[in-house]
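**Q** Handing over entry_24.cif, mmCIF, C-alpha atoms.
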```cif
data_run
#
loop_
_atom_site.label_atom_id
_atom_site.label_comp_id
_atom_site.auth_asym_id
_atom_site.auth_seq_id
_atom_site.Cartn_x
_atom_site.Cartn_y
_atom_site.Cartn_z
CA MET A 1 177.09 98.41 154.84
CA SER A 2 174.14 96.09 154.47
CA ALA A 3 174.63 92.40 153.86
CA ARG A 4 170.91 91.74 153.81
CA SER A 5 169.00 91.68 150.57
CA PHE A 6 165.68 90.48 149.21
CA ASP A 7 164.45 89.80 145.68
CA PHE A 8 162.13 92.27 143.98
CA TRP A 9 160.49 90.50 141.04
CA PHE A 10 158.71 92.69 138.53
CA ASP A 11 157.38 92.87 135.00
CA PHE A 12 157.67 96.11 133.05
CA SER A 13 154.11 95.62 131.75
CA SER A 14 152.63 95.65 135.27
CA PRO A 15 151.18 98.91 136.65
CA TYR A 16 151.55 97.72 140.24
CA SER A 17 155.20 96.87 139.49
CA TYR A 18 155.69 100.49 138.37
CA ILE A 19 154.25 101.82 141.63
CA ALA A 20 156.31 99.37 143.70
CA ALA A 21 159.47 100.19 141.72
CA GLU A 22 159.09 103.84 142.70
CA ARG A 23 158.86 102.85 146.38
CA ILE A 24 160.98 99.76 146.91
CA ASP A 25 164.47 101.20 147.40
CA GLY A 26 163.25 103.75 149.92
CA ILE A 27 161.53 101.04 151.94
CA ALA A 28 164.56 98.74 151.78
CA GLU A 29 167.05 101.43 152.73
CA ARG A 30 165.00 102.63 155.70
CA HIS A 31 165.61 99.24 157.30
CA GLY A 32 169.14 98.48 156.14
CA TRP A 33 168.18 96.08 153.36
CA THR A 34 168.91 96.06 149.63
CA ALA A 35 166.37 95.15 146.94
CA ASN A 36 167.67 92.89 144.16
CA TRP A 37 165.73 94.06 141.13
CA LYS A 38 164.76 91.05 139.03
CA PRO A 39 162.91 91.54 135.77
CA MET A 40 160.76 88.66 134.57
CA LEU A 41 157.87 88.02 132.22
CA LEU A 42 154.46 87.39 133.74
CA GLY A 43 153.49 85.69 130.49
CA ALA A 44 155.95 82.89 131.25
CA ILE A 45 154.50 82.54 134.75
CA PHE A 46 150.90 82.60 133.55
CA LYS A 47 151.68 79.71 131.16
CA ILE A 48 152.35 77.62 134.27
CA THR A 49 149.66 78.96 136.60
CA GLY A 50 146.85 79.68 134.16
CA GLY A 51 146.88 83.31 135.30
CA GLN A 52 145.82 86.14 133.03
CA PRO A 53 146.28 89.90 132.76
CA LEU A 54 143.70 91.83 134.81
CA THR A 55 142.48 93.41 131.60
CA ASP A 56 141.34 89.94 130.48
CA ALA A 57 139.41 89.32 133.70
CA HIS A 58 135.61 89.48 133.95
CA PRO A 59 134.51 92.96 132.82
CA TRP A 60 133.46 94.04 136.35
CA ARG A 61 136.97 93.32 137.56
CA ALA A 62 138.85 94.54 134.48
CA GLU A 63 137.02 97.87 134.65
CA TYR A 64 137.77 98.12 138.36
CA ALA A 65 141.45 97.36 137.79
CA LYS A 66 141.83 100.37 135.52
CA VAL A 67 140.44 102.63 138.23
CA ASP A 68 142.50 100.93 140.91
CA PHE A 69 145.80 101.33 139.01
CA VAL A 70 145.35 105.10 138.99
CA ARG A 71 144.04 105.37 142.56
CA SER A 72 146.85 103.18 143.89
CA ALA A 73 149.44 105.41 142.23
CA GLN A 74 147.80 108.56 143.61
CA MET A 75 147.85 107.00 147.08
CA HIS A 76 151.66 107.26 146.87
CA GLY A 77 151.83 110.64 145.19
CA LEU A 78 152.55 109.12 141.78
CA THR A 79 151.08 109.76 138.37
CA LEU A 80 149.78 106.81 136.36
CA GLU A 81 147.96 106.85 133.07
CA LEU A 82 146.95 103.63 131.43
CA PRO A 83 149.01 103.37 128.21
CA SER A 84 147.18 103.42 124.88
CA ARG A 85 148.69 100.03 124.20
CA PHE A 86 148.11 97.88 127.27
CA PRO A 87 149.28 95.38 128.17
CA GLN A 88 152.25 95.44 125.84
CA PRO A 89 155.12 92.98 125.39
CA THR A 90 158.05 94.12 127.51
CA VAL A 91 160.55 91.39 126.70
CA ASN A 92 163.02 93.87 125.19
CA ALA A 93 162.91 96.17 128.20
CA ALA A 94 163.52 93.17 130.48
CA ARG A 95 166.48 92.06 128.35
CA ALA A 96 167.89 95.61 128.32
CA MET A 97 167.66 95.68 132.12
CA ILE A 98 169.55 92.39 132.41
CA TRP A 99 172.15 93.61 129.93
CA LEU A 100 172.74 96.73 132.04
CA GLN A 101 172.88 94.70 135.25
CA ARG A 102 175.73 92.73 133.66
CA THR A 103 177.61 95.51 131.92
CA ASP A 104 176.97 98.71 133.88
CA PRO A 105 174.92 97.85 136.96
CA ALA A 106 174.75 101.39 138.35
CA LYS A 107 172.58 102.34 135.37
CA ALA A 108 170.15 99.41 135.70
CA ARG A 109 167.71 100.86 138.25
CA PRO A 110 167.62 104.32 136.66
CA PHE A 111 166.89 102.53 133.38
CA ALA A 112 164.06 100.54 134.97
CA LEU A 113 162.45 103.62 136.48
CA GLU A 114 162.79 105.54 133.22
CA ALA A 115 161.21 102.62 131.34
CA PHE A 116 158.31 102.39 133.81
CA ARG A 117 157.70 106.15 133.61
CA THR A 118 157.91 106.07 129.83
CA LEU A 119 155.14 103.46 129.80
CA PHE A 120 152.91 104.58 132.65
CA VAL A 121 153.40 108.34 132.80
CA ARG A 122 154.19 109.35 129.23
CA ASP A 123 152.20 106.75 127.30
CA GLY A 124 155.34 105.43 125.59
CA ASP A 125 155.69 102.15 123.73
CA LEU A 126 158.41 99.87 125.10
CA THR A 127 158.20 97.67 122.01
CA ASP A 128 159.52 100.58 119.96
CA LYS A 129 163.29 100.50 119.34
CA ASP A 130 163.63 104.28 119.22
CA THR A 131 161.86 104.58 122.55
CA LEU A 132 164.25 102.09 124.16
CA ALA A 133 167.18 103.96 122.59
CA ARG A 134 165.95 107.22 124.13
CA ILE A 135 165.64 105.57 127.56
CA ALA A 136 169.19 104.20 127.19
CA ALA A 137 170.50 107.65 126.31
CA ALA A 138 168.59 109.22 129.21
CA VAL A 139 170.48 107.07 131.72
CA GLY A 140 173.83 107.48 129.96
CA ALA A 141 173.96 104.07 128.30
CA ASP A 142 174.92 103.54 124.68
CA PRO A 143 171.76 102.87 122.63
CA GLY A 144 173.59 100.85 119.99
CA GLN A 145 175.32 98.64 122.53
CA MET A 146 172.03 98.15 124.36
CA ALA A 147 170.31 97.11 121.14
CA ALA A 148 173.09 94.58 120.56
CA GLY A 149 172.69 93.38 124.16
CA ILE A 150 168.95 92.87 123.68
CA ALA A 151 169.70 90.71 120.64
CA ASP A 152 172.43 88.71 122.42
CA ASP A 153 171.59 85.04 123.02
CA ALA A 154 173.26 85.08 126.43
CA ILE A 155 170.96 87.90 127.54
CA LYS A 156 167.90 86.14 126.13
CA GLN A 157 168.86 83.01 128.04
CA ALA A 158 169.42 85.02 131.22
CA LEU A 159 165.83 86.29 131.04
CA VAL A 160 164.57 82.73 130.52
CA ARG A 161 166.50 81.73 133.63
CA ASN A 162 165.00 84.65 135.56
CA ASN A 163 161.54 83.38 134.64
CA GLU A 164 162.51 79.88 135.74
CA GLU A 165 163.92 81.20 139.00
CA ALA A 166 160.72 83.16 139.65
CA ALA A 167 158.64 80.04 139.03
CA ALA A 168 160.88 78.02 141.33
CA ALA A 169 160.20 80.63 144.02
CA LYS A 170 156.44 80.25 143.38
CA VAL A 171 156.05 83.78 142.08
CA PHE A 172 152.53 83.91 140.60
CA GLY A 173 152.13 87.66 140.09
CA ALA A 174 154.04 90.91 139.98
CA PRO A 175 155.46 92.62 141.84
CA THR A 176 156.58 89.97 144.33
CA CYS A 177 159.21 90.50 146.99
CA ILE A 178 160.85 87.48 148.60
CA VAL A 179 162.48 87.92 151.98
CA GLU A 180 164.26 84.82 153.21
CA GLY A 181 161.73 82.65 151.39
CA GLU A 182 158.67 84.63 152.47
CA ARG A 183 156.61 86.03 149.60
CA PHE A 184 154.96 89.47 149.57
CA TRP A 185 152.80 89.83 146.48
CA GLY A 186 151.60 93.17 145.22
CA ASN A 187 152.34 96.83 145.65
CA ASP A 188 149.64 96.65 148.33
CA ARG A 189 151.78 94.34 150.43
CA LEU A 190 154.78 96.66 150.68
CA ASP A 191 153.43 97.70 154.08
CA GLN A 192 153.66 94.09 155.25
CA LEU A 193 157.07 93.78 153.57
CA GLU A 194 158.25 96.85 155.48
CA ARG A 195 156.97 95.36 158.73
CA ARG A 196 158.99 92.23 157.97
CA LEU A 197 162.15 94.17 157.11
CA ALA A 198 161.82 96.21 160.32
CA ARG A 199 161.75 93.11 162.49
CA MET B 1 124.22 113.29 162.79
CA SER B 2 125.59 111.82 159.64
CA ALA B 3 123.42 111.57 156.57
CA ARG B 4 126.22 110.05 154.51
CA SER B 5 126.53 106.32 154.17
CA PHE B 6 128.24 103.76 151.99
CA ASP B 7 127.61 100.07 151.39
CA PHE B 8 129.89 97.47 152.97
CA TRP B 9 129.39 94.18 151.12
CA PHE B 10 130.78 91.09 152.78
CA ASP B 11 130.56 87.31 152.91
CA PHE B 12 130.92 85.53 156.23
CA SER B 13 133.14 82.92 154.60
CA SER B 14 135.75 85.51 153.58
CA PRO B 15 138.81 86.07 155.80
CA TYR B 16 139.41 89.52 154.36
CA SER B 17 135.76 90.37 155.11
CA TYR B 18 136.39 89.43 158.73
CA ILE B 19 139.39 91.76 158.94
CA ALA B 20 137.49 94.57 157.24
CA ALA B 21 134.45 94.03 159.48
CA GLU B 22 136.64 94.65 162.51
CA ARG B 23 137.86 97.94 161.01
CA ILE B 24 135.05 99.41 158.95
CA ASP B 25 132.92 101.22 161.55
CA GLY B 26 135.95 102.94 163.05
CA ILE B 27 137.04 104.16 159.63
CA ALA B 28 133.55 105.35 158.72
CA GLU B 29 132.95 107.15 162.00
CA ARG B 30 136.27 108.98 161.90
CA HIS B 31 135.01 110.80 158.82
CA GLY B 32 131.32 111.22 159.65
CA TRP B 33 130.07 108.36 157.49
CA THR B 34 128.03 105.26 158.27
CA ALA B 35 128.71 101.81 156.82
CA ASN B 36 125.64 99.88 155.64
CA TRP B 37 126.54 96.28 156.38
CA LYS B 38 125.30 94.08 153.55
CA PRO B 39 125.76 90.32 153.73
CA MET B 40 125.90 88.46 150.43
CA LEU B 41 127.11 85.17 149.05
CA LEU B 42 130.26 85.16 146.94
CA GLY B 43 129.09 81.86 145.47
CA ALA B 44 126.21 83.68 143.77
CA ILE B 45 128.61 86.29 142.40
CA PHE B 46 131.15 83.71 141.22
CA LYS B 47 128.41 81.96 139.21
CA ILE B 48 128.20 85.14 137.15
CA THR B 49 131.87 86.13 137.01
CA GLY B 50 133.54 82.73 136.90
CA GLY B 51 135.45 83.63 140.07
CA GLN B 52 136.60 81.02 142.56
CA PRO B 53 137.67 80.84 146.20
CA LEU B 54 141.38 81.59 146.69
CA THR B 55 141.79 78.10 148.09
CA ASP B 56 140.87 76.74 144.64
CA ALA B 57 143.46 78.90 142.89
CA HIS B 58 146.75 77.58 141.53
CA PRO B 59 148.65 75.97 144.44
CA TRP B 60 151.33 78.70 144.52
CA ARG B 61 148.61 81.28 145.07
CA ALA B 62 146.37 79.20 147.32
CA GLU B 63 149.30 78.47 149.63
CA TYR B 64 150.23 82.15 149.64
CA ALA B 65 146.66 83.18 150.46
CA LYS B 66 146.69 81.15 153.65
CA VAL B 67 149.83 82.97 154.80
CA ASP B 68 148.46 86.32 153.69
CA PHE B 69 145.17 85.92 155.59
CA VAL B 70 147.08 85.59 158.86
CA ARG B 71 149.65 88.28 158.10
CA SER B 72 146.94 90.72 157.01
CA ALA B 73 145.07 90.21 160.27
CA GLN B 74 148.25 90.68 162.31
CA MET B 75 148.91 93.92 160.43
CA HIS B 76 145.81 95.28 162.17
CA GLY B 77 146.39 93.70 165.56
CA LEU B 78 143.86 90.94 164.92
CA THR B 79 144.01 87.20 165.39
CA LEU B 80 143.09 84.94 162.49
CA GLU B 81 143.35 81.20 162.28
CA LEU B 82 142.23 79.41 159.17
CA PRO B 83 139.17 77.32 160.17
CA SER B 84 139.40 73.53 159.96
CA ARG B 85 136.49 73.65 157.53
CA PHE B 86 137.30 76.31 154.95
CA PRO B 87 135.66 77.70 152.99
CA GLN B 88 132.33 76.78 154.52
CA PRO B 89 128.77 77.65 153.43
CA THR B 90 127.63 80.73 155.32
CA VAL B 91 124.13 81.11 153.93
CA ASN B 92 122.51 80.65 157.35
CA ALA B 93 124.72 83.26 158.99
CA ALA B 94 123.87 85.70 156.19
CA ARG B 95 120.14 85.01 156.61
CA ALA B 96 120.41 85.43 160.39
CA MET B 97 122.11 88.80 159.85
CA ILE B 98 119.32 89.96 157.53
CA TRP B 99 116.69 88.72 159.99
CA LEU B 100 118.32 90.77 162.77
CA GLN B 101 118.62 93.83 160.54
CA ARG B 102 114.84 93.64 160.07
CA THR B 103 113.74 92.72 163.56
CA ASP B 104 116.35 94.12 165.97
CA PRO B 105 118.90 96.11 163.97
CA ALA B 106 121.00 97.17 166.94
CA LYS B 107 122.03 93.53 167.38
CA ALA B 108 122.97 92.94 163.73
CA ARG B 109 126.58 94.22 163.75
CA PRO B 110 127.43 92.61 167.09
CA PHE B 111 126.04 89.39 165.62
CA ALA B 112 128.19 89.74 162.51
CA LEU B 113 131.36 90.36 164.49
CA GLU B 114 130.60 87.45 166.81
CA ALA B 115 129.97 85.20 163.79
CA PHE B 116 133.23 86.27 162.12
CA ARG B 117 135.22 85.69 165.33
CA THR B 118 133.55 82.34 165.85
CA LEU B 119 134.75 81.27 162.41
CA PHE B 120 138.16 82.93 162.18
CA VAL B 121 139.34 83.13 165.77
CA ARG B 122 137.72 80.14 167.48
CA ASP B 123 137.54 77.66 164.61
CA GLY B 124 133.76 77.45 164.85
CA ASP B 125 131.40 76.01 162.26
CA LEU B 126 128.76 78.47 161.04
CA THR B 127 126.83 75.64 159.38
CA ASP B 128 126.13 74.22 162.83
CA LYS B 129 122.75 75.21 164.29
CA ASP B 130 123.95 75.10 167.89
CA THR B 131 126.83 77.38 167.03
CA LEU B 132 124.47 79.92 165.46
CA ALA B 133 122.19 79.64 168.49
CA ARG B 134 125.15 80.42 170.78
CA ILE B 135 126.04 83.46 168.69
CA ALA B 136 122.42 84.63 168.87
CA ALA B 137 122.40 84.26 172.64
CA ALA B 138 125.74 86.03 172.94
CA VAL B 139 124.29 89.18 171.37
CA GLY B 140 121.01 88.95 173.26
CA ALA B 141 118.85 87.61 170.43
CA ASP B 142 116.44 84.73 170.81
CA PRO B 143 117.96 81.59 169.27
CA GLY B 144 114.61 80.01 168.50
CA GLN B 145 113.27 83.10 166.80
CA MET B 146 116.50 83.44 164.85
CA ALA B 147 116.24 79.83 163.66
CA ALA B 148 112.68 80.55 162.50
CA GLY B 149 113.91 83.69 160.77
CA ILE B 150 116.61 81.75 158.93
CA ALA B 151 113.93 79.37 157.65
CA ASP B 152 111.55 82.18 156.64
CA ASP B 153 110.97 82.51 152.90
CA ALA B 154 110.93 86.30 153.13
CA ILE B 155 114.42 86.26 154.64
CA LYS B 156 115.68 83.78 152.05
CA GLN B 157 114.36 86.04 149.32
CA ALA B 158 115.94 89.08 150.93
CA LEU B 159 119.36 87.41 150.71
CA VAL B 160 118.74 86.54 147.07
CA ARG B 161 117.94 90.21 146.47
CA ASN B 162 121.13 91.23 148.28
CA ASN B 163 123.11 89.03 145.91
CA GLU B 164 121.30 90.57 142.95
CA GLU B 165 121.94 94.07 144.24
CA ALA B 166 125.64 93.28 144.71
CA ALA B 167 125.83 91.99 141.15
CA ALA B 168 124.04 95.07 139.85
CA ALA B 169 126.72 97.14 141.61
CA LYS B 170 129.43 95.05 139.88
CA VAL B 171 130.70 93.56 143.15
CA PHE B 172 133.08 90.77 142.10
CA GLY B 173 134.74 90.00 145.43
CA ALA B 174 134.46 90.56 149.16
CA PRO B 175 134.70 92.78 151.00
CA THR B 176 133.67 95.61 148.67
CA CYS B 177 132.74 99.10 149.81
CA ILE B 178 130.78 101.33 147.46
CA VAL B 179 130.92 105.07 148.04
CA GLU B 180 128.65 107.04 145.74
CA GLY B 181 129.13 104.42 143.02
CA GLU B 182 132.91 104.07 143.50
CA ARG B 183 134.07 100.56 144.38
CA PHE B 184 136.83 99.73 146.87
CA TRP B 185 137.56 96.02 146.79
CA GLY B 186 139.45 94.25 149.55
CA ASN B 187 140.48 94.81 153.10
CA ASP B 188 143.68 96.15 151.54
CA ARG B 189 141.78 99.04 149.97
CA LEU B 190 140.36 100.41 153.21
CA ASP B 191 143.21 102.92 153.15
CA GLN B 192 141.98 104.22 149.80
CA LEU B 193 138.40 104.08 151.07
CA GLU B 194 139.41 106.20 154.05
CA ARG B 195 141.12 108.69 151.76
CA ARG B 196 137.87 108.94 149.78
CA LEU B 197 135.73 109.40 152.90
CA ALA B 198 138.07 112.11 154.19
CA ARG B 199 137.73 114.17 151.03
#
```
Show how you would write the structure in this file as structure tokens.

**A**
Amino acid sequence: MSARSFDFWFDFSSPYSYIAAERIDGIAERHGWTANWKPMLLGAIFKITGGQPLTDAHPWRAEYAKVDFVRSAQMHGLTLELPSRFPQPTVNAARAMIWLQRTDPAKARPFALEAFRTLFVRDGDLTDKDTLARIAAAVGADPGQMAAGIADDAIKQALVRNNEEAAAAKVFGAPTCIVEGERFWGNDRLDQLERRLAR
Amino acid sequence: MSARSFDFWFDFSSPYSYIAAERIDGIAERHGWTANWKPMLLGAIFKITGGQPLTDAHPWRAEYAKVDFVRSAQMHGLTLELPSRFPQPTVNAARAMIWLQRTDPAKARPFALEAFRTLFVRDGDLTDKDTLARIAAAVGADPGQMAAGIADDAIKQALVRNNEEAAAAKVFGAPTCIVEGERFWGNDRLDQLERRLAR
């Protein structure tokens, strides 16, 4: 039994969060740690930091990012295709994740992975209610109850608090892992995270 | 004999360029490639792209960068200490490198590595003429001739052309490797670069 855990902050709209989500539990488990999956909205963070989506960066960098997303996925044996609609608002997916974490936590991570794959492998649209319902059904959750959860004020407030907690931890991008106060930003820092967990 | 080469763009003021400089020839040689070391000035690039040094980023990110510089060096068995004066103008070091590449190319890479270590291991000041003279002497170059080279209009113009060439190749940060037109930005993409070279 592991008593040690670290926070894994992610945004469903983030390609590097998708890649990290596919890897994080394996890395944690290899070293006797548990990852606390914490959905948040980069948009809320960027309002504080002045950050912006990579697709809004200078064209040389934005164009590079699209290549790098795919190459970074391939580096870990994963498929990634940039969605037709990108970036897209993922507030409902984040709320659904929080709702599952509260009501049926064993289904939360499978839901997150299914949502990421829907967006980044199958060009799905996470703003679409039917798409979210299909993801719910795929992990054995009730689509109607999930839709009610997404609309629940308590769940909305919980996501706001997640964003506030991320900001308090100085999370400025996604994914970010925080191990005993030490930040590891980016899928490309999971090697340094692993080194830290192995200590 | 290898006929294959790729460009390795770097700025002496960049900590990640230092780490990459320590690694790049080993990576290239393992796969029968040669790295063309190309000094440039990020300042010239940032004037075009609107980029900024990480130390000028939002405080959450700037503070993180300072931790990440050190951790990233340690990941590769290297020492890195943030210089007292950072970032510092490295135009003279870049000109000295170009002068050596033209007049005594075998000394150019040793000079670059000595300059990087002076800045990032021994807290040296690359804007200081005596410091540059010591680096010249350490690699067997004539300090007086190097100082004249740094002041030579042809060398100054060559650095301007390097910056223009980097911009034409859509280099937006340092280090950047370019393999047959494909960009790999960052010390943290040398793994993907190596995968490309091994193909």

**Q** Please evaluate the PyMOL selection byres ((chain B) within 7 of (chain A)) against the displayed coordinates and give the resulting residues as a list of chain:residue names.

**A** B:Thr49, B:His58, B:Trp60, B:Arg61, B:Lys170, B:Phe172, B:Asp188

**Q** Which residue out of B:Ser14, B:Ala137, B:Thr79, B:Ala148 has the minimum interatomic distance to B:Phe111 when all atoms listed in the file are used?

**A**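 For B:Phe111, the nearest of the candidates is B:Ala137.
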
**Q** With the PyMOL selection byres ((chain A and resi 116-122) around 9) as the selection, what would be picked from this file? Answer as a list in words, please.

**A** Phe12, Ser13, Ser14, Pro15, Ser17, Tyr18, Ile19, Ala21, Thr79, Leu80, Glu81, Leu82, Pro83, Phe111, Ala112, Leu113, Glu114, Ala115, Asp123, Gly124, Asp125, Leu126, Thr131 and Ile135 of chain A

**Q** Pick out the residues sitting within 8 Å of stretch 85-95 of chain A, and hand them over as a count of residues only; count only C-alpha atoms, and ignore anything fewer than 4 positions along from it in its own chain.

**A** 20

**Q** List, as a ChimeraX atom specification, every residue that the PyMOL selection byres ((chain A and resi 36) around 9) selects in the file provided.

**A** /A:5-9,34-35,37-38

**Q** Do you have the atom CA of B:Tyr16-atom CA of B:Gln145 distance handy?

**A**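 Straight-line distance from atom CA of B:Tyr16 to atom CA of B:Gln145 works out to 29.7 Å.
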